[in-house]
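Pasted below: run.cif, mmCIF, C-alpha atoms and all ligand atoms.
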data_coords
loop_
_atom_site.label_atom_id
_atom_site.label_comp_id
_atom_site.auth_asym_id
_atom_site.auth_seq_id
_atom_site.Cartn_x
_atom_site.Cartn_y
_atom_site.Cartn_z
CA MET A 364 -43.00 -6.44 57.64
CA GLN A 365 -39.75 -4.67 58.42
CA SER A 366 -37.76 -7.82 57.67
CA ILE A 367 -39.63 -8.37 54.37
CA ARG A 368 -38.84 -4.79 53.32
CA ARG A 369 -35.18 -5.27 54.29
CA ALA A 370 -35.00 -8.54 52.38
CA LEU A 371 -36.61 -6.90 49.36
CA SER A 372 -34.23 -3.93 49.35
CA THR A 373 -31.26 -6.28 49.80
CA PHE A 374 -32.53 -8.33 46.83
CA ILE A 375 -32.93 -5.18 44.69
CA PHE A 376 -29.47 -3.95 45.68
CA VAL A 377 -27.83 -7.31 44.97
CA SER A 378 -29.67 -7.63 41.63
CA PHE A 379 -28.60 -4.13 40.64
CA ALA A 380 -24.98 -4.83 41.66
CA VAL A 381 -24.92 -8.10 39.68
CA CYS A 382 -26.37 -6.35 36.58
CA TRP A 383 -23.86 -3.52 36.92
CA LEU A 384 -20.94 -5.95 37.24
CA GLN A 385 -22.20 -7.95 34.24
CA ALA A 386 -22.56 -4.78 32.22
CA CYS A 387 -19.05 -3.76 33.20
CA SER A 388 -17.54 -7.07 32.21
CA VAL A 389 -19.18 -6.81 28.80
CA LEU A 390 -18.56 -3.13 28.27
CA GLN A 391 -15.12 -2.81 29.82
CA PRO A 392 -13.27 -4.69 27.07
CA GLU A 393 -15.21 -2.70 24.42
CA THR A 394 -13.50 0.42 25.72
CA TYR A 395 -10.05 -1.21 25.87
CA VAL A 396 -7.47 0.82 23.98
CA PRO A 397 -4.00 -0.76 23.77
CA GLN A 398 -1.02 1.52 24.30
CA ARG A 399 1.86 1.51 21.80
CA GLY A 400 4.87 0.04 23.56
CA GLN A 401 2.85 -1.85 26.19
CA MET A 402 4.76 -4.97 27.15
CA GLY A 403 3.65 -8.36 25.80
CA LYS A 404 5.18 -11.64 26.97
CA ASP A 405 8.34 -11.58 24.85
CA VAL A 406 7.91 -8.34 22.94
CA MET A 407 5.89 -5.14 23.23
CA TRP A 408 2.85 -4.28 21.13
CA LEU A 409 3.36 -2.02 18.15
CA PRO A 410 1.15 -2.33 15.09
CA THR A 411 2.59 -2.86 11.60
CA SER A 412 1.73 0.13 9.40
CA ASP A 413 -1.19 -0.36 6.99
CA ASP A 414 0.96 0.13 3.88
CA LEU A 415 3.53 -2.44 5.01
CA VAL A 416 0.77 -4.95 5.82
CA LEU A 417 -0.58 -4.61 2.27
CA LYS A 418 2.83 -4.66 0.58
CA MET A 419 3.95 -7.74 2.53
CA LEU A 420 0.75 -9.69 1.79
CA ASP A 421 1.03 -8.63 -1.85
CA ALA A 422 4.66 -9.79 -2.07
CA ALA A 423 3.68 -13.22 -0.72
CA LYS A 424 0.75 -13.37 -3.19
CA VAL A 425 -1.65 -14.27 -0.36
CA GLY A 426 -4.94 -15.61 -1.72
CA PRO A 427 -8.08 -17.62 -0.95
CA GLU A 428 -6.11 -20.90 -0.84
CA ASP A 429 -3.95 -19.64 2.03
CA GLU A 430 -4.02 -20.25 5.78
CA LEU A 431 -2.10 -17.32 7.26
CA VAL A 432 -0.90 -17.15 10.85
CA ASP A 433 0.29 -13.97 12.57
CA LEU A 434 2.64 -14.78 15.46
CA GLY A 435 1.86 -12.19 18.13
CA ALA A 436 -1.28 -10.87 16.47
CA GLY A 437 -1.79 -7.69 18.53
CA ASP A 438 -5.09 -6.07 17.49
CA GLY A 439 -5.49 -8.61 14.68
CA LYS A 440 -4.82 -6.22 11.80
CA ILE A 441 -2.74 -8.66 9.71
CA PRO A 442 -5.14 -11.66 9.87
CA ILE A 443 -8.03 -9.25 9.26
CA ALA A 444 -6.34 -7.71 6.18
CA ALA A 445 -5.43 -11.19 4.88
CA ALA A 446 -9.09 -12.24 5.10
CA ARG A 447 -10.72 -9.00 4.01
CA GLN A 448 -8.40 -7.84 1.23
CA PHE A 449 -6.88 -11.13 0.06
CA GLY A 450 -9.67 -13.65 0.75
CA ALA A 451 -7.45 -15.91 2.90
CA ARG A 452 -8.36 -17.83 6.02
CA ALA A 453 -6.23 -16.46 8.84
CA TRP A 454 -5.51 -16.84 12.47
CA GLY A 455 -3.55 -14.92 15.06
CA ILE A 456 -1.81 -16.10 18.20
CA GLU A 457 -1.70 -13.43 20.88
CA TYR A 458 -0.50 -13.81 24.48
CA ASN A 459 -2.19 -10.71 25.88
CA LYS A 460 -5.79 -11.58 26.77
CA ASP A 461 -7.14 -8.05 26.23
CA LEU A 462 -5.43 -7.72 22.84
CA ALA A 463 -6.74 -11.14 21.81
CA ALA A 464 -10.29 -10.09 22.77
CA LEU A 465 -9.85 -6.78 20.91
CA ALA A 466 -8.58 -8.65 17.82
CA ARG A 467 -11.70 -10.87 17.89
CA ARG A 468 -13.97 -7.83 18.12
CA ASN A 469 -12.04 -6.11 15.31
CA ALA A 470 -12.53 -9.20 13.10
CA GLN A 471 -16.24 -9.11 13.90
CA ARG A 472 -16.47 -5.39 13.08
CA ALA A 473 -14.59 -5.97 9.82
CA GLY A 474 -17.13 -8.66 8.88
CA VAL A 475 -14.50 -11.43 8.63
CA ALA A 476 -15.07 -13.27 11.93
CA GLU A 477 -15.88 -16.45 10.00
CA ARG A 478 -12.46 -16.48 8.36
CA VAL A 479 -10.35 -15.07 11.21
CA ARG A 480 -9.62 -17.01 14.40
CA ILE A 481 -7.74 -15.45 17.29
CA VAL A 482 -6.07 -17.82 19.71
CA HIS A 483 -5.11 -16.55 23.14
CA GLY A 484 -1.82 -18.38 23.52
CA ASP A 485 1.95 -18.44 23.34
CA ILE A 486 3.66 -18.60 19.94
CA PHE A 487 6.28 -20.93 21.43
CA LYS A 488 3.59 -23.42 22.52
CA GLU A 489 0.91 -23.26 19.81
CA ASP A 490 1.22 -25.49 16.74
CA PHE A 491 1.14 -23.37 13.57
CA SER A 492 2.68 -25.99 11.25
CA LYS A 493 -0.35 -26.08 8.93
CA ALA A 494 -0.05 -22.40 7.98
CA THR A 495 0.92 -21.60 4.39
CA VAL A 496 1.94 -18.03 5.24
CA VAL A 497 3.58 -16.90 8.51
CA THR A 498 3.77 -13.22 9.50
CA MET A 499 5.70 -11.77 12.43
CA TYR A 500 6.70 -8.48 13.99
CA LEU A 501 8.80 -9.76 16.87
CA LEU A 502 12.54 -9.35 17.47
CA GLU A 503 15.72 -10.65 15.84
CA GLU A 504 16.34 -13.14 18.67
CA LEU A 505 12.74 -14.39 18.66
CA ASN A 506 12.99 -14.93 14.88
CA ALA A 507 16.19 -16.91 15.54
CA GLN A 508 14.34 -19.10 18.08
CA LEU A 509 11.46 -19.68 15.65
CA ARG A 510 13.70 -20.32 12.63
CA PRO A 511 14.14 -24.11 13.10
CA THR A 512 10.35 -24.53 13.46
CA ILE A 513 9.73 -22.39 10.37
CA LEU A 514 12.38 -24.20 8.29
CA ALA A 515 10.71 -27.51 9.21
CA MET A 516 7.38 -26.32 7.76
CA LYS A 517 6.10 -27.50 4.39
CA PRO A 518 8.45 -26.36 1.59
CA GLY A 519 6.89 -23.40 -0.17
CA THR A 520 5.52 -21.86 3.05
CA ARG A 521 5.94 -18.07 2.76
CA VAL A 522 7.33 -16.09 5.69
CA LEU A 523 7.08 -12.34 6.26
CA SER A 524 8.72 -10.31 9.01
CA ASN A 525 8.35 -6.64 9.80
CA THR A 526 11.77 -5.04 10.53
CA PHE A 527 13.60 -8.10 11.84
CA SER A 528 15.66 -10.50 9.74
CA MET A 529 16.40 -14.23 10.11
CA GLY A 530 20.15 -14.01 10.67
CA ASP A 531 22.09 -15.69 7.87
CA TRP A 532 18.93 -16.95 6.11
CA GLU A 533 18.83 -14.25 3.45
CA PRO A 534 15.40 -12.99 2.37
CA ASP A 535 14.10 -13.59 -1.16
CA GLN A 536 12.82 -10.03 -1.16
CA VAL A 537 13.15 -6.83 0.88
CA ILE A 538 9.93 -4.83 1.00
CA ARG A 539 10.30 -1.11 1.63
CA VAL A 540 7.66 1.45 2.56
CA THR A 541 8.15 5.05 3.72
CA ASN A 542 8.49 4.20 7.39
CA GLY A 543 9.59 0.63 7.46
CA THR A 544 11.03 -2.50 5.93
CA GLY A 545 9.66 -6.01 5.65
CA TYR A 546 11.40 -9.25 4.64
CA PHE A 547 10.05 -12.16 2.62
CA TRP A 548 11.31 -15.75 2.58
CA THR A 549 10.05 -19.02 1.12
CA VAL A 550 10.77 -22.23 3.04
CA PRO A 551 13.04 -24.19 0.70
CA ALA A 552 12.67 -27.92 0.02
CA LYS A 553 15.59 -29.97 1.32
CA VAL A 554 17.53 -31.04 -1.78
CA ALA A 555 21.14 -31.54 -0.64
CA GLY A 556 22.59 -34.89 -1.72
CA LEU A 557 22.69 -37.15 -4.74
CA TRP A 558 19.94 -37.54 -7.31
CA THR A 559 19.53 -39.65 -10.45
CA LEU A 560 17.80 -37.88 -13.34
CA SER A 561 16.27 -39.25 -16.51
CA GLY A 562 15.39 -37.12 -19.54
CA LEU A 563 18.49 -34.91 -19.69
CA ASP A 564 20.37 -37.15 -22.11
CA GLU A 565 19.17 -39.79 -24.61
CA LYS A 566 22.20 -41.93 -23.83
CA GLY A 567 21.40 -42.55 -20.16
CA ASN A 568 20.70 -41.12 -16.74
CA ALA A 569 22.52 -38.16 -15.24
CA ALA A 570 23.89 -37.88 -11.71
CA LEU A 571 23.06 -34.65 -9.91
CA LYS A 572 24.93 -33.66 -6.74
CA LEU A 573 23.44 -30.75 -4.83
CA ASP A 574 24.84 -28.64 -1.99
CA GLN A 575 22.41 -26.37 -0.18
CA THR A 576 22.41 -23.48 2.28
CA PHE A 577 18.78 -22.45 2.74
CA GLN A 578 17.60 -21.43 -0.79
CA ARG A 579 21.15 -21.17 -2.14
CA VAL A 580 22.08 -24.27 -4.14
CA GLY A 581 25.03 -25.35 -6.23
CA GLY A 582 26.56 -28.60 -7.31
CA THR A 583 27.56 -30.75 -10.23
CA LEU A 584 25.96 -32.76 -13.01
CA THR A 585 27.58 -35.88 -14.44
CA LEU A 586 26.51 -36.81 -18.00
CA GLN A 587 28.11 -39.59 -20.05
CA GLY A 588 30.98 -39.78 -17.52
CA LYS A 589 31.74 -36.04 -17.66
CA THR A 590 31.15 -33.82 -14.63
CA GLN A 591 30.38 -30.10 -14.85
CA ASN A 592 29.35 -27.38 -12.39
CA LEU A 593 25.68 -26.39 -12.48
CA LEU A 594 25.04 -23.01 -14.08
CA GLY A 595 22.73 -20.48 -12.41
CA ALA A 596 21.32 -22.95 -9.88
CA ARG A 597 18.59 -21.46 -7.69
CA MET A 598 15.65 -22.61 -5.60
CA GLN A 599 12.39 -21.08 -4.56
CA GLY A 600 10.32 -23.23 -2.28
CA THR A 601 9.94 -26.53 -4.11
CA GLU A 602 11.14 -25.20 -7.47
CA LEU A 603 14.73 -25.92 -8.58
CA HIS A 604 16.32 -24.30 -11.66
CA PHE A 605 19.72 -24.86 -13.22
CA SER A 606 21.36 -24.92 -16.65
CA PHE A 607 24.02 -27.21 -18.12
CA ILE A 608 25.90 -27.89 -21.36
CA ASN A 609 24.99 -31.20 -22.99
CA ALA A 610 27.38 -33.61 -24.77
CA ASP A 611 26.85 -31.68 -28.04
CA GLY A 612 27.89 -28.40 -26.41
CA GLN A 613 24.31 -27.09 -26.26
CA LEU A 614 22.98 -24.98 -23.38
CA LYS A 615 19.89 -26.51 -21.71
CA ALA A 616 17.75 -25.19 -18.84
CA VAL A 617 16.14 -27.44 -16.23
CA LYS A 618 13.12 -26.60 -14.08
CA VAL A 619 11.91 -29.26 -11.64
CA PHE A 620 9.62 -29.45 -8.62
CA VAL A 621 10.91 -31.35 -5.60
CA ASN A 622 8.50 -33.54 -3.67
CA GLY A 623 10.33 -35.34 -0.87
CA GLN A 624 12.44 -38.07 -2.45
CA VAL A 625 11.35 -37.46 -6.05
CA LEU A 626 11.42 -34.61 -8.49
CA SER A 627 9.78 -33.94 -11.83
CA GLY A 628 9.76 -31.19 -14.41
CA GLU A 629 11.27 -30.38 -17.74
CA VAL A 630 14.44 -29.53 -19.62
CA THR A 631 14.29 -26.93 -22.39
CA GLY A 632 16.87 -26.07 -25.07
CA PRO A 633 19.12 -25.64 -26.79
CA TYR A 634 19.44 -21.92 -26.17
CA GLY A 635 21.50 -19.48 -28.22
CA MET A 636 21.51 -21.57 -31.43
CA VAL A 637 19.43 -19.75 -34.02
CA GLU A 638 19.23 -22.74 -36.37
CA ILE A 639 17.66 -25.06 -33.74
CA GLN A 640 14.35 -24.25 -32.06
CA PRO A 641 14.33 -24.95 -28.27
CA ALA A 642 12.28 -28.03 -27.38
CA THR A 643 10.96 -29.19 -24.01
CA VAL A 644 11.41 -32.73 -22.67
CA LYS A 645 10.13 -34.28 -19.44
CA VAL A 646 12.61 -34.85 -16.58
CA GLU A 647 12.13 -37.25 -13.67
CA GLY A 648 14.44 -37.80 -10.72
CA ARG A 649 14.85 -39.66 -7.44
CA ARG A 650 17.33 -39.62 -4.61
CA SER A 651 20.25 -41.99 -5.25
C1 LIG B 1 5.14 -5.80 17.78
S1 LIG B 1 3.56 -6.48 18.16
C2 LIG B 1 2.97 -6.95 16.55
C3 LIG B 1 1.48 -7.02 16.44
C4 LIG B 1 0.97 -7.44 15.04
N1 LIG B 1 1.56 -8.68 14.62
C5 LIG B 1 1.29 -6.39 14.02
O1 LIG B 1 2.23 -6.58 13.24
O2 LIG B 1 0.59 -5.38 13.99
C6 LIG B 1 3.97 -8.05 18.90
C7 LIG B 1 2.82 -8.74 19.61
O3 LIG B 1 3.27 -10.01 20.09
C8 LIG B 1 2.64 -10.30 21.34
N2 LIG B 1 3.47 -11.30 22.02
C9 LIG B 1 4.64 -11.13 22.67
N3 LIG B 1 5.13 -12.30 23.09
C10 LIG B 1 4.23 -13.27 22.70
C11 LIG B 1 4.17 -14.69 22.83
N4 LIG B 1 5.15 -15.38 23.43
N5 LIG B 1 3.11 -15.34 22.32
C12 LIG B 1 2.09 -14.64 21.69
N6 LIG B 1 2.12 -13.30 21.54
C13 LIG B 1 3.16 -12.62 22.03
C14 LIG B 1 2.58 -8.93 22.01
O4 LIG B 1 1.59 -8.90 23.01
C15 LIG B 1 2.27 -8.01 20.82
O5 LIG B 1 0.89 -7.87 20.65
#
Can you turn what I pasted into structure tokens?
Amino acid sequence: MQSIRRALSTFIFVSFAVCWLQACSVLQPETYVPQRGQMGKDVMWLPTSDDLVLKMLDAAKVGPEDELVDLGAGDGKIPIAAARQFGARAWGIEYNKDLAALARRNAQRAGVAERVRIVHGDIFKEDFSKATVVTMYLLEELNAQLRPTILAMKPGTRVLSNTFSMGDWEPDQVIRVTNGTGYFWTVPAKVAGLWTLSGLDEKGNAALKLDQTFQRVGGTLTLQGKTQNLLGARMQGTELHFSFINADGQLKAVKVFVNGQVLSGEVTGPYGMVEIQPATVKVEGRRS
């Protein structure tokens, strides 16, 4: 009898202890509050301010077609805002297990768990190449390490960084709020080299030579055996613009989209001649 009672009380004690431990493991993370400045793997946790999150996502025109990734997602506020306020699908990569769990719960609470995925992992190991928008609040040297990976992403991918720049890759836009600064870049298509264009001149093809440093482009255009410097050449993502003077001395503006080894778009002009209305003609091109 004694031994049955002892066995029963041991069973009740063990059951109670197991339940208590289970309750703790469920409840403990619910009460987790991250501390500003707590160390992460490569950089500490500090949240981006709400107004900078909104202004950065606005600048990048984030929308329902986007797949945003936040590198070092912290409590998940950027992926959550991208999903909730901009309708995007978003994911965050966070090395700290507790922060990753908190970010998942925050997404659930915000009602966007279906569109926000939090990966517990290392930004230097996870593949984020399919993202269309990349956000970061890391450090200058971490941005420098990530830069080759980011520049190899699909042209047109938008990149946002809180506070830290990308070295000599100048931003397309600087975003200022009361207590902070963000930077915005667009991954440029690789256009350096020689191209043959049709549509610029009725008398034959044109030869386009492009030099490129990130989104900065320049070069020359050869038409009917005459070479001139491109006027106002600029790139944003896959979009290339420049102007030139045709054989009749008329100013024409070119806008083309680059897709790997081919480009297509239009040339419009002449400009500045009141007696002739500008007309638009199709332009095609391929690498020479
Ligand atoms: C400054 S916080 C930014 C948090 C969030 N992106 C934001 O803007 O609110 C940087 C975050 O990166 C995380 N982190 C640091 N090194 C990491 C790594 N190698 N892989 C993934 N996350 C990392 C930290 O734990 C921290 O949560």
Residues of range 456-575 of chain A within 8 Å of range 422-442 of chain A: nearest atom pair and distance (Å, one decimal) for each, counting all atoms listed in the file, sorted by chain and number, as JSON lines?
{"residue": "A:Ile456", "atom": "CA", "partner": "A:Gly435", "partner_atom": "CA", "distance": 5.4}
{"residue": "A:Glu457", "atom": "CA", "partner": "A:Gly435", "partner_atom": "CA", "distance": 4.7}
{"residue": "A:Tyr458", "atom": "CA", "partner": "A:Gly435", "partner_atom": "CA", "distance": 7.0}
{"residue": "A:Asn459", "atom": "CA", "partner": "A:Gly437", "partner_atom": "CA", "distance": 8.0}
{"residue": "A:Leu462", "atom": "CA", "partner": "A:Asp438", "partner_atom": "CA", "distance": 5.6}
{"residue": "A:Ala463", "atom": "CA", "partner": "A:Asp438", "partner_atom": "CA", "distance": 6.9}
{"residue": "A:Leu465", "atom": "CA", "partner": "A:Asp438", "partner_atom": "CA", "distance": 5.9}
{"residue": "A:Ala466", "atom": "CA", "partner": "A:Asp438", "partner_atom": "CA", "distance": 4.4}
{"residue": "A:Arg467", "atom": "CA", "partner": "A:Gly439", "partner_atom": "CA", "distance": 7.3}
{"residue": "A:Asn469", "atom": "CA", "partner": "A:Gly439", "partner_atom": "CA", "distance": 7.0}
{"residue": "A:Ala470", "atom": "CA", "partner": "A:Gly439", "partner_atom": "CA", "distance": 7.2}
{"residue": "A:Val479", "atom": "CA", "partner": "A:Pro442", "partner_atom": "CA", "distance": 6.4}
{"residue": "A:Ile481", "atom": "CA", "partner": "A:Gly439", "partner_atom": "CA", "distance": 7.7}
{"residue": "A:Ile486", "atom": "CA", "partner": "A:Leu434", "partner_atom": "CA", "distance": 6.0}
{"residue": "A:Phe491", "atom": "CA", "partner": "A:Val432", "partner_atom": "CA", "distance": 7.1}
{"residue": "A:Lys493", "atom": "CA", "partner": "A:Glu430", "partner_atom": "CA", "distance": 7.6}
{"residue": "A:Ala494", "atom": "CA", "partner": "A:Glu430", "partner_atom": "CA", "distance": 5.0}
{"residue": "A:Thr495", "atom": "CA", "partner": "A:Glu430", "partner_atom": "CA", "distance": 5.3}
{"residue": "A:Val496", "atom": "CA", "partner": "A:Leu431", "partner_atom": "CA", "distance": 4.6}
{"residue": "A:Val497", "atom": "CA", "partner": "A:Val432", "partner_atom": "CA", "distance": 5.1}
{"residue": "A:Thr498", "atom": "CA", "partner": "A:Asp433", "partner_atom": "CA", "distance": 4.7}
{"residue": "A:Met499", "atom": "CA", "partner": "A:Leu434", "partner_atom": "CA", "distance": 5.3}
{"residue": "A:Tyr500", "atom": "CA", "partner": "A:Gly435", "partner_atom": "CA", "distance": 7.4}
{"residue": "A:Leu501", "atom": "CA", "partner": "A:Gly435", "partner_atom": "CA", "distance": 7.5}
{"residue": "A:Arg521", "atom": "CA", "partner": "A:Ala423", "partner_atom": "CA", "distance": 6.4}
{"residue": "A:Val522", "atom": "CA", "partner": "A:Ala423", "partner_atom": "CA", "distance": 7.9}
{"residue": "A:Leu523", "atom": "CA", "partner": "A:Ala423", "partner_atom": "CA", "distance": 7.8}
{"residue": "A:Ile538", "atom": "CA", "partner": "A:Ala422", "partner_atom": "CA", "distance": 7.9}
{"residue": "A:Phe547", "atom": "CA", "partner": "A:Ala423", "partner_atom": "CA", "distance": 7.3}
Exercise. Given the choices A:Pro397, A:Pro641, A:Gly562, A:Gly595, which gets closest to Glu629 in chain A if the distance is worked out from only C-alpha atoms?
Worked result: A:Gly562
Exercise. Taking only C-alpha atoms into account, which of A:Asn609, A:Asn592, A:Ser524, A:Thr601 comes nearest Gly623 in chain A?
Worked result: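 Of the candidates, the smallest distance to Gly623 in chain A is held by A:Thr601.
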Exercise. Near Ala444 in chain A, within 10 Å and counting all atoms listed in the file, which residues show up once chain neighbours fewer than 5 positions away are dropped, as an MDAnalysis selection string?
Worked result: chainID A and resid 413 416:417 420 439 449:451 453 470 473 475 479
Seminar exercise, completed: Pairwise distance, atom C13 of ligand LIG 1 (chain B) with CA of Val482 in chain A, equals 10.8 Å
For this session: Give me, please, the distance in Å between CA of Pro518 in chain A and CA of Gln624 in chain A, quoted to one decimal.
Result: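 Those two atoms sit 13.0 Å apart.
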Exercise. Quick one: residues within 12 Å of Trp532 in chain A, all atoms listed in the file counted, chain neighbours fewer than 3 positions away excluded, as a PyMOL selection string?
Worked result: chain A and resi 506-507+510-511+513-514+522+527-529+535-536+546-551+575-579
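The shortest atom-to-atom distance to ligand LIG 1 (chain B), with all atoms listed in the file taken into account, belongs to A:Phe487 out of A:Phe487, A:Trp558, A:Phe620, A:Trp454.
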Problem set entry | All residues 12 Å or closer to range 610-612 of chain A, all atoms listed in the file, same chain fewer than 3 positions away omitted, as a PyMOL selection string | chain A and resi 563-567+569+584-591+607+615+632-636
Problem set entry | Which of A:Ala446, A:Leu626, A:Leu409, A:Val637 sits closest to Asn525 in chain A [using only C-alpha atoms] | A:Leu409
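Between atom C4 of ligand LIG 1 (chain B) and CA of Gly455 in chain A lies a distance of 8.7 Å.
Across A:Glu647, A:Glu533, A:Asp485, A:Glu504, the tightest approach to ligand LIG 1 (chain B) is made by A:Asp485 when counting all atoms listed in the file.
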Exercise. Nearest to ligand LIG 1 (chain B): which of A:Leu573, A:Leu415, A:Val396, A:Val621 is it, counting all atoms listed in the file?
Worked result: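 That would be A:Leu415, the residue with the smallest distance to ligand LIG 1 (chain B).
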Reconstructed range 534-553 of chain A, atom set N, CA and C atoms, as an mmCIF file, in the frame of the given file:
data_model
loop_
_atom_site.group_PDB
_atom_site.id
_atom_site.type_symbol
_atom_site.label_atom_id
_atom_site.label_comp_id
_atom_site.auth_asym_id
_atom_site.auth_seq_id
_atom_site.Cartn_x
_atom_site.Cartn_y
_atom_site.Cartn_z
ATOM 1 N N PRO A 534 16.768 -13.053 2.916
ATOM 2 C CA PRO A 534 15.400 -12.990 2.370
ATOM 3 C C PRO A 534 15.403 -13.111 0.849
ATOM 4 N N ASP A 535 14.282 -13.584 0.297
ATOM 5 C CA ASP A 535 14.100 -13.590 -1.160
ATOM 6 C C ASP A 535 13.822 -12.175 -1.649
ATOM 7 N N GLN A 536 13.210 -11.381 -0.760
ATOM 8 C CA GLN A 536 12.820 -10.030 -1.160
ATOM 9 C C GLN A 536 12.807 -9.101 0.053
ATOM 10 N N VAL A 537 13.251 -7.867 -0.164
ATOM 11 C CA VAL A 537 13.150 -6.830 0.880
ATOM 12 C C VAL A 537 12.042 -5.893 0.433
ATOM 13 N N ILE A 538 11.108 -5.622 1.352
ATOM 14 C CA ILE A 538 9.930 -4.830 1.000
ATOM 15 C C ILE A 538 10.034 -3.486 1.732
ATOM 16 N N ARG A 539 10.111 -2.409 0.973
ATOM 17 C CA ARG A 539 10.300 -1.110 1.630
ATOM 18 C C ARG A 539 9.053 -0.244 1.500
ATOM 19 N N VAL A 540 8.690 0.418 2.608
ATOM 20 C CA VAL A 540 7.660 1.450 2.560
ATOM 21 C C VAL A 540 8.284 2.688 3.217
ATOM 22 N N THR A 541 7.553 3.799 3.225
ATOM 23 C CA THR A 541 8.150 5.050 3.720
ATOM 24 C C THR A 541 8.757 4.884 5.112
ATOM 25 N N ASN A 542 7.997 4.256 6.011
ATOM 26 C CA ASN A 542 8.490 4.200 7.390
ATOM 27 C C ASN A 542 8.872 2.811 7.864
ATOM 28 N N GLY A 543 9.249 1.965 6.965
ATOM 29 C CA GLY A 543 9.590 0.630 7.460
ATOM 30 C C GLY A 543 10.071 -0.308 6.374
ATOM 31 N N THR A 544 10.489 -1.483 6.840
ATOM 32 C CA THR A 544 11.030 -2.500 5.930
ATOM 33 C C THR A 544 10.479 -3.856 6.352
ATOM 34 N N GLY A 545 10.093 -4.635 5.367
ATOM 35 C CA GLY A 545 9.660 -6.010 5.650
ATOM 36 C C GLY A 545 10.564 -6.977 4.881
ATOM 37 N N TYR A 546 10.576 -8.231 5.299
ATOM 38 C CA TYR A 546 11.400 -9.250 4.640
ATOM 39 C C TYR A 546 10.516 -10.432 4.271
ATOM 40 N N PHE A 547 10.866 -11.055 3.139
ATOM 41 C CA PHE A 547 10.050 -12.160 2.620
ATOM 42 C C PHE A 547 10.948 -13.352 2.304
ATOM 43 N N TRP A 548 10.587 -14.512 2.856
ATOM 44 C CA TRP A 548 11.310 -15.750 2.580
ATOM 45 C C TRP A 548 10.321 -16.819 2.108
ATOM 46 N N THR A 549 10.851 -17.830 1.439
ATOM 47 C CA THR A 549 10.050 -19.020 1.120
ATOM 48 C C THR A 549 10.799 -20.212 1.702
ATOM 49 N N VAL A 550 10.109 -21.051 2.451
ATOM 50 C CA VAL A 550 10.770 -22.230 3.040
ATOM 51 C C VAL A 550 11.235 -23.139 1.903
ATOM 52 N N PRO A 551 12.552 -23.377 1.815
ATOM 53 C CA PRO A 551 13.040 -24.190 0.700
ATOM 54 C C PRO A 551 12.889 -25.689 0.973
ATOM 55 N N ALA A 552 12.646 -26.457 -0.105
ATOM 56 C CA ALA A 552 12.670 -27.920 0.020
ATOM 57 C C ALA A 552 14.104 -28.345 0.328
ATOM 58 N N LYS A 553 14.243 -29.479 0.993
ATOM 59 C CA LYS A 553 15.590 -29.970 1.320
ATOM 60 C C LYS A 553 16.075 -30.841 0.165
#
